[in-house]
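Pasting coords-v5.txt here (compact mmCIF, C-alpha atoms):
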```txt
# COMPACT_ATOMS: atom_id res chain seq x y z
CA MET A 179 -18.36 -22.16 -10.44
CA SER A 180 -16.95 -24.73 -8.04
CA GLU A 181 -17.08 -24.27 -4.26
CA ARG A 182 -13.27 -24.20 -4.17
CA ASN A 183 -13.29 -20.81 -5.93
CA PHE A 184 -14.69 -19.27 -2.76
CA ASP A 185 -12.18 -21.01 -0.46
CA PHE A 186 -9.61 -18.28 0.03
CA PRO A 187 -8.55 -16.30 3.09
CA ARG A 188 -10.50 -13.11 3.68
CA PHE A 189 -9.24 -9.87 5.18
CA THR A 190 -11.49 -9.49 8.21
CA LYS A 191 -12.23 -6.42 10.35
CA GLU A 192 -10.27 -8.00 13.20
CA MET A 193 -7.14 -8.08 11.02
CA LYS A 194 -7.08 -4.27 10.98
CA SER A 195 -5.34 -4.41 14.36
CA THR A 196 -3.19 -7.49 13.73
CA HIS A 197 -2.01 -7.38 10.09
CA LYS A 198 0.21 -5.15 7.99
CA LEU A 199 -1.44 -4.24 4.68
CA LEU A 200 0.83 -4.04 1.63
CA VAL A 201 -0.16 -1.77 -1.27
CA PRO A 202 1.30 -1.81 -4.81
CA ASN A 203 2.82 1.55 -5.70
CA MET A 204 1.04 3.18 -8.65
CA ALA A 205 1.19 6.97 -8.17
CA PRO A 206 4.07 7.64 -5.73
CA LEU A 207 3.11 11.20 -4.74
CA HIS A 208 -0.59 10.48 -4.28
CA PHE A 209 0.02 7.18 -2.52
CA GLU A 210 2.37 8.79 0.00
CA ILE A 211 -0.54 10.98 1.11
CA LEU A 212 -3.04 8.10 0.96
CA GLN A 213 -0.70 5.94 3.08
CA SER A 214 -0.67 8.58 5.81
CA ILE A 215 -4.47 8.90 5.76
CA LEU A 216 -5.01 5.15 6.08
CA ARG A 217 -2.52 4.91 8.92
CA ASP A 218 -4.53 7.58 10.74
CA GLU A 219 -7.58 5.35 10.19
CA GLY A 220 -5.83 2.61 12.15
CA TYR A 221 -4.45 0.50 9.30
CA ASP A 222 -0.81 -0.61 9.46
CA ILE A 223 -0.25 0.07 5.79
CA GLU A 224 2.85 0.18 3.62
CA VAL A 225 3.16 1.28 -0.01
CA LEU A 226 5.72 -1.02 -1.65
CA GLN A 227 8.89 0.48 -3.10
CA ASP A 228 10.35 -2.71 -4.64
CA ASP A 229 11.59 -1.85 -8.15
CA GLY A 230 13.78 -3.10 -10.98
CA PRO A 231 13.61 -5.76 -13.71
CA GLY A 232 13.39 -8.53 -11.12
CA ILE A 233 9.78 -7.54 -10.41
CA ALA A 234 8.62 -8.50 -13.92
CA GLU A 235 10.71 -11.68 -13.80
CA GLU A 236 9.07 -12.65 -10.51
CA GLY A 237 5.63 -11.93 -11.93
CA LEU A 238 6.31 -14.10 -14.97
CA LYS A 239 6.85 -17.10 -12.69
CA TYR A 240 3.23 -16.99 -11.57
CA VAL A 241 1.31 -15.12 -14.28
CA HIS A 242 0.98 -16.04 -17.97
CA ASN A 243 3.02 -13.71 -20.19
CA ASP A 244 -0.11 -12.83 -22.20
CA THR A 245 -1.67 -11.35 -19.08
CA CYS A 246 -2.01 -7.58 -18.72
CA TYR A 247 1.43 -6.09 -17.99
CA PRO A 248 0.25 -4.02 -14.97
CA ALA A 249 -1.20 -7.21 -13.39
CA LEU A 250 2.10 -8.97 -13.93
CA LEU A 251 4.01 -6.12 -12.25
CA VAL A 252 1.60 -5.72 -9.33
CA ILE A 253 1.70 -9.46 -8.60
CA GLY A 254 5.47 -9.53 -9.07
CA GLN A 255 5.88 -6.62 -6.64
CA PHE A 256 3.67 -8.31 -4.05
CA ILE A 257 5.42 -11.67 -4.21
CA THR A 258 8.88 -10.07 -4.24
CA ALA A 259 7.98 -8.22 -1.05
CA LEU A 260 6.52 -11.30 0.63
CA LYS A 261 9.65 -13.33 -0.18
CA SER A 262 11.98 -10.58 1.02
CA GLY A 263 11.94 -11.64 4.68
CA ARG A 264 10.83 -8.16 5.77
CA TYR A 265 7.39 -9.27 6.93
CA ASP A 266 5.75 -11.72 9.32
CA LEU A 267 3.77 -13.72 6.77
CA ASP A 268 1.22 -14.78 9.37
CA ARG A 269 0.40 -11.12 10.04
CA THR A 270 0.58 -9.68 6.53
CA ALA A 271 -2.24 -9.01 4.07
CA LEU A 272 -2.49 -7.42 0.63
CA ILE A 273 -4.91 -4.83 -0.73
CA ILE A 274 -5.75 -4.25 -4.37
CA THR A 275 -8.32 -2.13 -6.21
CA GLN A 276 -11.03 -3.48 -8.51
CA THR A 277 -12.54 -1.07 -11.02
CA GLY A 278 -15.58 -3.17 -11.79
CA GLY A 279 -15.54 -2.30 -15.51
CA GLY A 280 -14.65 -4.32 -18.58
CA CYS A 281 -10.93 -3.78 -18.03
CA ARG A 282 -8.90 -6.83 -17.00
CA ALA A 283 -8.00 -4.90 -13.82
CA SER A 284 -11.25 -6.18 -12.31
CA ASN A 285 -9.75 -9.68 -12.40
CA TYR A 286 -6.35 -8.85 -10.88
CA ILE A 287 -7.51 -10.01 -7.46
CA HIS A 288 -8.30 -13.49 -8.75
CA LEU A 289 -4.99 -13.70 -10.61
CA LEU A 290 -3.22 -12.56 -7.44
CA ARG A 291 -4.87 -15.22 -5.30
CA LYS A 292 -3.95 -17.93 -7.80
CA ALA A 293 -0.36 -16.64 -7.94
CA LEU A 294 -0.10 -16.61 -4.13
CA GLU A 295 -1.29 -20.19 -3.96
CA LYS A 296 1.22 -21.21 -6.65
CA ALA A 297 4.01 -19.47 -4.73
CA GLY A 298 3.14 -21.30 -1.52
CA LEU A 299 1.66 -18.13 -0.01
CA GLY A 300 -2.00 -19.05 -0.31
CA HIS A 301 -2.66 -18.22 3.34
CA ILE A 302 -2.06 -14.48 2.75
CA PRO A 303 -5.41 -12.59 2.85
CA VAL A 304 -6.24 -10.19 0.02
CA ALA A 305 -8.56 -7.23 0.63
CA SER A 306 -10.55 -5.70 -2.21
CA LEU A 307 -10.87 -1.91 -2.46
CA ASN A 308 -13.79 -1.35 -4.80
CA PHE A 309 -16.88 0.83 -5.06
CA SER A 310 -18.89 -1.45 -7.32
CA GLY A 311 -19.84 -4.26 -4.95
CA LEU A 312 -17.51 -6.85 -6.46
CA GLU A 313 -16.51 -8.20 -3.04
CA LYS A 314 -18.90 -6.93 -0.39
CA ASP A 315 -17.51 -8.89 2.55
CA SER A 316 -14.04 -7.35 2.63
CA GLY A 317 -12.92 -6.29 6.10
CA PHE A 318 -11.51 -3.10 4.61
CA SER A 319 -14.39 -0.68 5.16
CA VAL A 320 -14.76 2.60 3.27
CA THR A 321 -16.75 5.11 5.32
CA LEU A 322 -18.03 8.52 4.21
CA PRO A 323 -15.42 10.41 6.32
CA LEU A 324 -12.68 8.23 4.81
CA LEU A 325 -14.01 8.91 1.31
CA ARG A 326 -13.75 12.66 1.95
CA LYS A 327 -10.15 12.21 3.04
CA LEU A 328 -9.34 10.07 0.00
CA LEU A 329 -10.88 12.66 -2.32
CA ALA A 330 -8.87 15.42 -0.62
CA ALA A 331 -5.71 13.34 -1.05
CA VAL A 332 -6.35 12.99 -4.79
CA LEU A 333 -7.00 16.73 -5.15
CA TYR A 334 -3.85 17.67 -3.24
CA GLY A 335 -1.82 15.02 -5.06
CA ASP A 336 -2.94 16.29 -8.47
CA MET A 337 -2.23 19.91 -7.55
CA LEU A 338 1.24 19.20 -6.15
CA MET A 339 2.11 16.98 -9.12
CA SER A 340 1.01 19.63 -11.63
CA LEU A 341 2.81 22.52 -9.89
CA ARG A 342 5.97 20.51 -9.30
CA ASN A 343 6.17 19.36 -12.91
CA GLN A 344 5.62 22.81 -14.41
CA THR A 345 8.16 24.55 -12.15
CA ALA A 346 10.90 21.93 -11.62
CA PRO A 347 12.61 22.43 -15.02
CA TYR A 348 12.95 26.18 -14.44
CA THR A 349 13.95 26.59 -10.78
CA ALA A 350 17.03 28.73 -10.14
CA VAL A 351 17.91 26.37 -7.28
CA PRO A 352 17.95 22.77 -8.59
CA GLY A 353 15.58 20.54 -6.64
CA ALA A 354 13.64 23.44 -5.12
CA ALA A 355 10.29 22.34 -6.59
CA GLU A 356 10.77 18.76 -5.41
CA ALA A 357 11.72 19.97 -1.92
CA LEU A 358 8.67 22.25 -1.74
CA THR A 359 6.44 19.38 -2.85
CA GLN A 360 7.75 17.16 -0.06
CA GLN A 361 7.32 19.96 2.48
CA TRP A 362 3.66 20.25 1.52
CA VAL A 363 3.13 16.47 1.61
CA GLU A 364 4.46 16.43 5.19
CA LYS A 365 2.40 19.49 6.13
CA LEU A 366 -0.81 17.99 4.73
CA ASN A 367 -0.16 14.64 6.40
CA ALA A 368 0.28 16.45 9.74
CA ARG A 369 -3.04 18.24 9.22
CA PHE A 370 -4.83 15.01 8.32
CA HIS A 371 -3.41 13.48 11.50
CA VAL A 372 -5.30 16.02 13.64
CA GLY A 373 -8.48 15.82 11.56
CA LYS A 374 -7.93 18.90 9.43
CA GLY A 375 -7.52 19.59 5.73
CA THR A 376 -10.65 17.98 4.26
CA ALA A 377 -13.42 20.53 4.97
CA GLU A 378 -14.15 22.78 1.98
CA LYS A 379 -12.93 25.95 3.71
CA GLU A 380 -9.65 24.23 4.60
CA LEU A 381 -9.30 22.77 1.11
CA PHE A 382 -9.70 26.17 -0.54
CA ALA A 383 -7.28 27.84 1.89
CA ASN A 384 -4.69 25.12 1.27
CA PHE A 385 -5.15 25.37 -2.51
CA ASP A 386 -4.30 29.07 -2.34
CA ALA A 387 -1.35 28.56 0.00
CA ILE A 388 0.13 25.77 -2.14
CA ALA A 389 -0.19 27.80 -5.35
CA ALA A 390 1.32 30.86 -3.64
CA ASP A 391 4.35 28.89 -2.47
CA PHE A 392 5.06 27.49 -5.93
CA ALA A 393 4.52 30.91 -7.53
CA ALA A 394 7.12 32.32 -5.12
CA LEU A 395 9.85 29.98 -6.41
CA GLU A 396 12.60 31.76 -8.33
CA LEU A 397 12.21 30.55 -11.91
CA HIS A 398 14.31 31.17 -14.99
CA ARG A 399 12.04 30.49 -17.92
CA VAL A 400 13.84 29.19 -20.99
CA PRO A 401 12.27 27.46 -24.01
CA ARG A 402 11.75 23.79 -23.25
CA VAL A 403 9.95 20.98 -25.02
CA LYS A 404 6.62 20.40 -23.30
CA VAL A 405 5.54 16.76 -23.18
CA GLY A 406 2.21 15.31 -22.01
CA VAL A 407 1.93 11.70 -20.81
CA VAL A 408 -1.29 9.71 -21.17
CA GLY A 409 -2.15 6.03 -21.21
CA GLU A 410 -3.35 3.08 -19.16
CA ILE A 411 -3.66 4.32 -15.59
CA TYR A 412 -0.97 2.12 -13.99
CA VAL A 413 1.62 2.48 -16.75
CA LYS A 414 0.86 6.20 -16.98
CA TYR A 415 1.76 6.93 -13.34
CA SER A 416 3.94 4.09 -12.07
CA PRO A 417 7.73 4.49 -12.48
CA LEU A 418 7.93 0.70 -12.29
CA GLY A 419 5.36 0.36 -15.08
CA ASN A 420 6.79 3.00 -17.45
CA ASN A 421 10.52 2.51 -16.78
CA HIS A 422 10.78 5.84 -14.94
CA LEU A 423 9.39 7.79 -17.89
CA GLU A 424 9.07 11.10 -16.03
CA GLU A 425 12.71 10.94 -14.93
CA PHE A 426 13.81 10.18 -18.47
CA LEU A 427 11.86 13.11 -19.92
CA ALA A 428 13.27 15.39 -17.23
CA SER A 429 16.80 14.22 -18.08
CA GLU A 430 16.07 15.22 -21.69
CA GLY A 431 15.27 18.77 -20.51
CA CYS A 432 11.49 18.51 -20.95
CA GLU A 433 8.62 19.99 -18.99
CA VAL A 434 6.24 17.10 -18.27
CA ASN A 435 2.46 17.35 -17.95
CA LEU A 436 0.82 14.31 -16.38
CA PRO A 437 -3.01 14.64 -16.28
CA GLY A 438 -4.33 14.17 -12.76
CA LEU A 439 -5.74 11.09 -11.09
CA LEU A 440 -8.96 12.99 -10.32
CA GLY A 441 -9.88 12.84 -14.02
CA PHE A 442 -10.02 9.05 -13.88
CA VAL A 443 -12.14 9.17 -10.71
CA GLN A 444 -14.59 11.54 -12.40
CA TYR A 445 -14.55 9.43 -15.56
CA CYS A 446 -15.66 6.37 -13.55
CA ILE A 447 -18.47 8.38 -11.93
CA ALA A 448 -19.57 9.87 -15.26
CA ASN A 449 -19.64 6.40 -16.82
CA THR A 450 -22.14 5.24 -14.19
CA SER A 451 -24.80 7.65 -15.38
CA GLU A 452 -23.74 7.27 -19.03
CA THR A 453 -24.28 3.51 -18.84
CA ILE A 454 -27.79 4.06 -17.45
CA ARG A 455 -28.60 6.55 -20.22
CA LEU A 456 -27.36 4.15 -22.89
CA TYR A 457 -28.68 0.85 -21.58
CA GLY A 458 -31.25 1.68 -18.91
CA GLY A 459 -31.16 1.36 -15.15
CA SER A 460 -31.95 3.27 -12.01
CA GLY A 461 -32.63 6.95 -12.57
CA LEU A 462 -31.87 7.54 -8.90
CA THR A 463 -28.39 6.05 -9.33
CA ALA A 464 -27.77 8.28 -12.35
CA PHE A 465 -28.97 11.32 -10.40
CA GLY A 466 -26.64 10.45 -7.52
CA ALA A 467 -23.66 10.01 -9.84
CA ASP A 468 -24.35 13.34 -11.55
CA ALA A 469 -24.70 15.10 -8.18
CA LEU A 470 -21.40 13.65 -6.97
CA LEU A 471 -19.74 14.71 -10.22
CA ARG A 472 -21.00 18.27 -9.79
CA TYR A 473 -19.66 18.36 -6.22
CA ILE A 474 -16.19 17.18 -7.29
CA ASP A 475 -16.27 19.56 -10.26
CA ARG A 476 -16.80 22.50 -7.88
CA LEU A 477 -13.77 21.49 -5.81
CA GLU A 478 -11.68 20.96 -8.94
CA ARG A 479 -12.58 24.39 -10.32
CA LYS A 480 -11.66 26.04 -7.00
CA MET A 481 -8.27 24.34 -7.24
CA GLY A 482 -7.85 25.57 -10.82
CA ASP A 483 -8.86 29.10 -9.85
CA ALA A 484 -6.20 29.16 -7.11
CA ILE A 485 -3.51 28.01 -9.55
CA ARG A 486 -4.45 30.58 -12.21
CA ARG A 487 -4.71 33.35 -9.62
CA HIS A 488 -0.99 32.89 -8.97
CA GLY A 489 -0.02 32.89 -12.65
CA LEU A 490 0.56 29.16 -13.10
CA HIS A 491 -0.95 26.65 -15.54
CA ALA A 492 -4.14 24.94 -14.34
CA PRO A 493 -5.31 21.73 -16.02
CA THR A 494 -8.70 21.88 -17.75
CA ALA A 495 -11.62 20.86 -15.52
CA PHE A 496 -12.95 17.38 -16.26
CA LEU A 497 -16.40 18.46 -17.51
CA ASP A 498 -14.78 20.93 -19.91
CA MET A 499 -12.29 18.31 -21.06
CA LYS A 500 -15.16 15.89 -21.64
CA LYS A 501 -16.57 18.26 -24.25
CA LEU A 502 -13.33 17.92 -26.24
CA ALA A 503 -14.25 14.29 -26.93
CA GLU A 504 -17.39 15.35 -28.81
CA GLY A 505 -16.90 14.69 -32.51
CA LEU A 506 -13.82 12.62 -31.74
CA ILE A 507 -15.05 9.52 -29.92
CA SER A 508 -18.30 8.21 -28.44
CA TYR A 509 -18.87 8.32 -24.69
CA GLY A 510 -19.92 4.71 -25.08
CA ASN A 511 -16.22 3.78 -25.29
CA LYS A 512 -15.95 3.05 -21.57
CA MET A 513 -13.60 0.06 -21.34
CA GLY A 514 -10.38 0.81 -19.49
CA GLU A 515 -9.50 4.50 -19.92
CA GLY A 516 -11.87 4.68 -22.91
CA TRP A 517 -12.88 8.09 -24.23
CA LEU A 518 -11.00 9.80 -21.38
CA LEU A 519 -7.70 8.82 -23.00
CA THR A 520 -8.66 10.55 -26.24
CA ALA A 521 -10.02 13.60 -24.38
CA GLU A 522 -6.82 13.93 -22.36
CA MET A 523 -4.75 14.02 -25.54
CA ALA A 524 -7.03 16.69 -27.02
CA GLU A 525 -6.76 18.71 -23.79
CA LEU A 526 -2.97 18.51 -23.79
CA ILE A 527 -2.73 19.57 -27.43
CA THR A 528 -5.04 22.55 -26.96
CA THR A 529 -3.14 23.79 -23.90
CA GLY A 530 0.36 23.79 -25.39
CA TYR A 531 1.49 20.21 -24.74
CA GLU A 532 1.18 18.89 -28.27
CA ASN A 533 4.10 16.46 -27.81
CA ILE A 534 2.57 13.37 -26.22
CA VAL A 535 3.75 9.96 -25.06
CA CYS A 536 0.87 7.46 -25.04
CA ALA A 537 2.02 4.75 -22.62
CA GLN A 538 0.15 1.50 -23.10
CA PRO A 539 0.60 -2.12 -22.01
CA PHE A 540 1.15 -4.29 -25.06
CA GLY A 541 -2.12 -5.98 -25.98
CA CYS A 542 -4.30 -3.60 -23.95
CA LEU A 543 -7.22 -3.40 -26.37
CA PRO A 544 -8.96 -0.30 -24.91
CA ASN A 545 -5.69 1.63 -25.03
CA HIS A 546 -4.84 0.53 -28.54
CA ILE A 547 -8.27 1.66 -29.75
CA CYS A 548 -8.80 4.86 -27.74
CA GLY A 549 -5.12 5.81 -27.60
CA LYS A 550 -3.05 4.60 -30.54
CA GLY A 551 -6.15 4.14 -32.67
CA MET A 552 -7.11 7.81 -32.32
CA VAL A 553 -3.72 9.30 -33.22
CA ASN A 554 -4.48 9.87 -36.92
CA LYS A 555 -7.82 11.50 -36.17
CA LEU A 556 -6.21 13.76 -33.56
CA ARG A 557 -3.49 14.73 -36.03
CA ALA A 558 -6.14 15.57 -38.63
CA MET A 559 -7.95 17.83 -36.15
CA TYR A 560 -4.78 19.24 -34.59
CA PRO A 561 -1.95 19.37 -37.17
CA LYS A 562 0.63 20.26 -34.49
CA ALA A 563 -0.02 17.02 -32.59
CA ASN A 564 3.23 15.06 -32.15
CA ILE A 565 2.13 11.77 -30.56
CA THR A 566 4.14 8.60 -30.07
CA PRO A 567 2.48 5.44 -28.65
CA ILE A 568 4.91 3.36 -26.56
CA ASP A 569 4.24 -0.27 -25.66
CA TYR A 570 5.30 -1.53 -22.23
CA ASP A 571 5.77 -5.26 -21.86
CA PRO A 572 8.29 -7.72 -20.33
CA SER A 573 9.81 -8.24 -23.79
CA ALA A 574 10.06 -4.50 -24.61
CA THR A 575 13.47 -3.04 -23.81
CA ARG A 576 13.92 0.31 -22.10
CA VAL A 577 16.48 1.36 -24.72
CA ASN A 578 13.97 0.73 -27.52
CA GLN A 579 11.27 2.70 -25.72
CA GLU A 580 13.55 5.65 -25.01
CA ASN A 581 14.88 5.71 -28.57
CA ARG A 582 11.33 6.00 -29.92
CA ILE A 583 10.63 8.83 -27.50
CA LYS A 584 13.85 10.56 -28.60
CA LEU A 585 12.59 10.55 -32.20
CA MET A 586 9.44 12.35 -31.04
CA LEU A 587 11.56 14.81 -29.03
CA ALA A 588 13.75 15.50 -32.07
CA VAL A 589 10.68 16.68 -34.00
CA ALA A 590 9.58 18.73 -30.98
CA ARG A 591 12.98 20.43 -30.69
CA GLU A 592 12.98 21.33 -34.38
CA ARG A 593 9.59 22.98 -33.99
CA LEU A 594 10.76 24.80 -30.85
CA ALA A 595 13.81 26.13 -32.69
CA ASP A 596 11.66 27.22 -35.66
CA ALA A 597 9.41 29.17 -33.27
CA GLY A 598 12.43 31.35 -32.41
CA PRO A 599 12.97 33.77 -29.52
CA ALA A 600 9.28 34.72 -29.48
CA ALA A 601 8.56 31.36 -27.87
CA GLU A 602 10.64 32.28 -24.81
CA PRO A 603 8.48 33.41 -21.89
CA ALA A 604 9.61 36.17 -19.56
CA THR A 605 11.68 35.26 -16.51
CA VAL A 606 9.57 35.02 -13.36
```
Using the file provided, produce a representation of the structure as structure tokens.
Amino acid sequence: MSERNFDFPRFTKEMKSTHKLLVPNMAPLHFEILQSILRDEGYDIEVLQDDGPGIAEEGLKYVHNDTCYPALLVIGQFITALKSGRYDLDRTALIITQTGGGCRASNYIHLLRKALEKAGLGHIPVASLNFSGLEKDSGFSVTLPLLRKLLAAVLYGDMLMSLRNQTAPYTAVPGAAEALTQQWVEKLNARFHVGKGTAEKELFANFDAIAADFAALELHRVPRVKVGVVGEIYVKYSPLGNNHLEEFLASEGCEVNLPGLLGFVQYCIANTSETIRLYGGSGLTAFGADALLRYIDRLERKMGDAIRRHGLHAPTAFLDMKKLAEGLISYGNKMGEGWLLTAEMAELITTGYENIVCAQPFGCLPNHICGKGMVNKLRAMYPKANITPIDYDPSATRVNQENRIKLMLAVARERLADAGPAAEPATV
């Protein structure tokens, strides 16, 4: 590797007080909470809201069209923001995650730096947020207290997302679930600001209070098509990446189930020890990963208990969901979303969300194997499975994508009608 490859601007610790950090928007609800936490840590951080077809067009100017679609969008969103005139480019930096696995996402940071240089913005520092030692000299430091806050944010984000999605289609007052979600986001952010909300006792109390508030909403239950959404992590959550898929499904009268972000976090931790078991390595590292997984599992189960206690649907805990992959796919499939993608589909099917959209970037090999490639096997095991893989790519039109989803929904509506009045739950 030439010396020039290392000649790029670094985000230093001193820049924490001088630079604004821009973040690509992947999971809007979660990132709103994460943004508040990082601001409390002293970072001047902003989650980007730039949207529309122009983002992909901007990305295509600097990234080859065969490159991973999420990378193209993330880079397009960054460069669009930097060209907007909203920022002092001498006091602006970017931050991007690196997973460290075999997924192309680990290389986004290098693609981004090349794109910045090509766009005449090569002086913009890029900070790496990673837990695998890919770039150890980043000035963005992740401390243990910050990790606890980030974990709490993911837990709260998952819970609010799940409760909002399962109540929003049935609220007597339109928009009540969305308003309650925003109230809780603001309440949690205020608690984080004064150093509260992350201790276990506070977490458990907040879990119960959140579930109680959503259970108190006036709901009119009517039969609706229930749709689960799985796929590559960015396209799965990002409205920019999936052409506002959740909004489209809501407009079609569906109840949407989006598996939580915590599952992917646990999947990455579980893969650490799985890799050591398969290929060798430090037993101490495997022990640490397993211990961390057990700790997170305990918090996740407490969250699920609070939801069920108030009569609402709680997603299956990760370690229980992992068992659903047995006999379906090997745990050695760890590239990208790997076996987790298959397990999430099995979990959705077995909990009443047998209609599934599998959102995948075109050409994403892990997704095509562990998502689209597993559809026939899932259908053989679960005859009610109604799965449609949807490719997302600059050349794929939104109309085409939505028409394919409508075909899946047509089958789902026929089945719902055949189930008759018995399928209608009681009004809450």
Find the spatial neighbours of range 417-419 of chain A, counting all atoms listed in the file, within a cut-off of 9 Å - ignore same-chain residues fewer than 4 positions away - and output them as a list of chain:residue names. A:Asn203, A:Met204, A:Ala205, A:Pro206, A:Asp228, A:Asp229, A:Gly230, A:Pro231, A:Ile233, A:Tyr247, A:Pro248, A:Leu251, A:Tyr412, A:Val413, A:Leu423, A:Glu424, A:Glu425, A:Pro539, A:Tyr570, A:Asp571
Surrounding residues of range 542-559 of chain A excluding itself and chain neighbours under 2 positions, 8 Å, all atoms listed in the file, as a PyMOL selection string: chain A and resi 246+281+409-410+506+511+513-517+519-520+524+536+538-540+561-565+567
Write a file of the selected residues as an mmCIF file, keeping the file's coordinate frame, keeping C-alpha atoms.
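Now in part32.cif:
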```
data_model
loop_
_atom_site.group_PDB
_atom_site.id
_atom_site.type_symbol
_atom_site.label_atom_id
_atom_site.label_comp_id
_atom_site.auth_asym_id
_atom_site.auth_seq_id
_atom_site.Cartn_x
_atom_site.Cartn_y
_atom_site.Cartn_z
ATOM 1 C CA CYS A 246 -2.010 -7.580 -18.720
ATOM 2 C CA CYS A 281 -10.930 -3.780 -18.030
ATOM 3 C CA GLY A 409 -2.150 6.030 -21.210
ATOM 4 C CA GLU A 410 -3.350 3.080 -19.160
ATOM 5 C CA LEU A 506 -13.820 12.620 -31.740
ATOM 6 C CA ASN A 511 -16.220 3.780 -25.290
ATOM 7 C CA MET A 513 -13.600 0.060 -21.340
ATOM 8 C CA GLY A 514 -10.380 0.810 -19.490
ATOM 9 C CA GLU A 515 -9.500 4.500 -19.920
ATOM 10 C CA GLY A 516 -11.870 4.680 -22.910
ATOM 11 C CA TRP A 517 -12.880 8.090 -24.230
ATOM 12 C CA LEU A 519 -7.700 8.820 -23.000
ATOM 13 C CA THR A 520 -8.660 10.550 -26.240
ATOM 14 C CA ALA A 524 -7.030 16.690 -27.020
ATOM 15 C CA CYS A 536 0.870 7.460 -25.040
ATOM 16 C CA GLN A 538 0.150 1.500 -23.100
ATOM 17 C CA PRO A 539 0.600 -2.120 -22.010
ATOM 18 C CA PHE A 540 1.150 -4.290 -25.060
ATOM 19 C CA PRO A 561 -1.950 19.370 -37.170
ATOM 20 C CA LYS A 562 0.630 20.260 -34.490
ATOM 21 C CA ALA A 563 -0.020 17.020 -32.590
ATOM 22 C CA ASN A 564 3.230 15.060 -32.150
ATOM 23 C CA ILE A 565 2.130 11.770 -30.560
ATOM 24 C CA PRO A 567 2.480 5.440 -28.650
#
```
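The coordinates place CA of Glu580 in chain A at 15.7 Å from CA of Val403 in chain A.
CA of Leu289 in chain A is positioned 13.5 Å from CA of Pro303 in chain A.
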Take the point (-11.4, 12.2, -17.6) in the file's coordinates, draw a sphere of radius 10 Å around it, and report as a PyMOL selection string every protein, DNA or RNA residue with an atom inside or on it, counting all atoms listed in the file. chain A and resi 437-448+495-500+503+515-522
I'd like to know which of A:Val351, A:Ala330, A:Leu212, A:Ile253 is closest to His398 in chain A, using all atoms listed in the file.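 That would be A:Val351, the residue with the smallest distance to His398 in chain A.
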Just checking: using all atoms listed in the file, which residue out of A:Ala305, A:Ala346, A:Ala357, A:Val535 ends up closest to Lys584 in chain A? A:Val535
So what do you get for CA of Thr190 in chain A versus CA of Tyr221 in chain A, distance-wise? 12.3 Å
Please provide as a list in words all residues within 10 Å of Arg217 in chain A, with the sequence filter that same-chain residues fewer than 6 positions apart are discarded (counting only C-alpha atoms). Ile223, Glu224 and His371 of chain A
Would you mind telling me which residue in A:Asp475, A:Ala464, A:Phe370, A:Asn243 lies nearest to Gly541 in chain A when using only C-alpha atoms?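 Checking each of A:Asp475, A:Ala464, A:Phe370, A:Asn243 against Gly541 in chain A, counting only C-alpha atoms, the winner is A:Asn243.
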Nearest to Lys512 in chain A by atom-to-atom distance, counting all atoms listed in the file, from A:Ala590, A:Ala383, A:Leu456, A:Ile302: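 Closest to Lys512 in chain A of all the choices is A:Leu456.
Shell of range 316-326 of chain A at 9 Å, with all atoms listed in the file counted and residues fewer than 5 places along the chain excluded, is Arg188, Phe189, Thr190, Lys191, Glu192, Met193, Lys194, Ile215, Leu216, Glu219, Ile273, Val304, Ala305, Ser306, Leu307, Phe309, Ala331, Thr376 and Ala377 of chain A.
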Find, counting all atoms listed in the file, the residue in A:Met481, A:Ala588, A:Ile568, A:Leu395 that gets nearest to Ser340 in chain A.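 Looking only at the distances to Ser340 in chain A, the closest residue turns out to be A:Met481.
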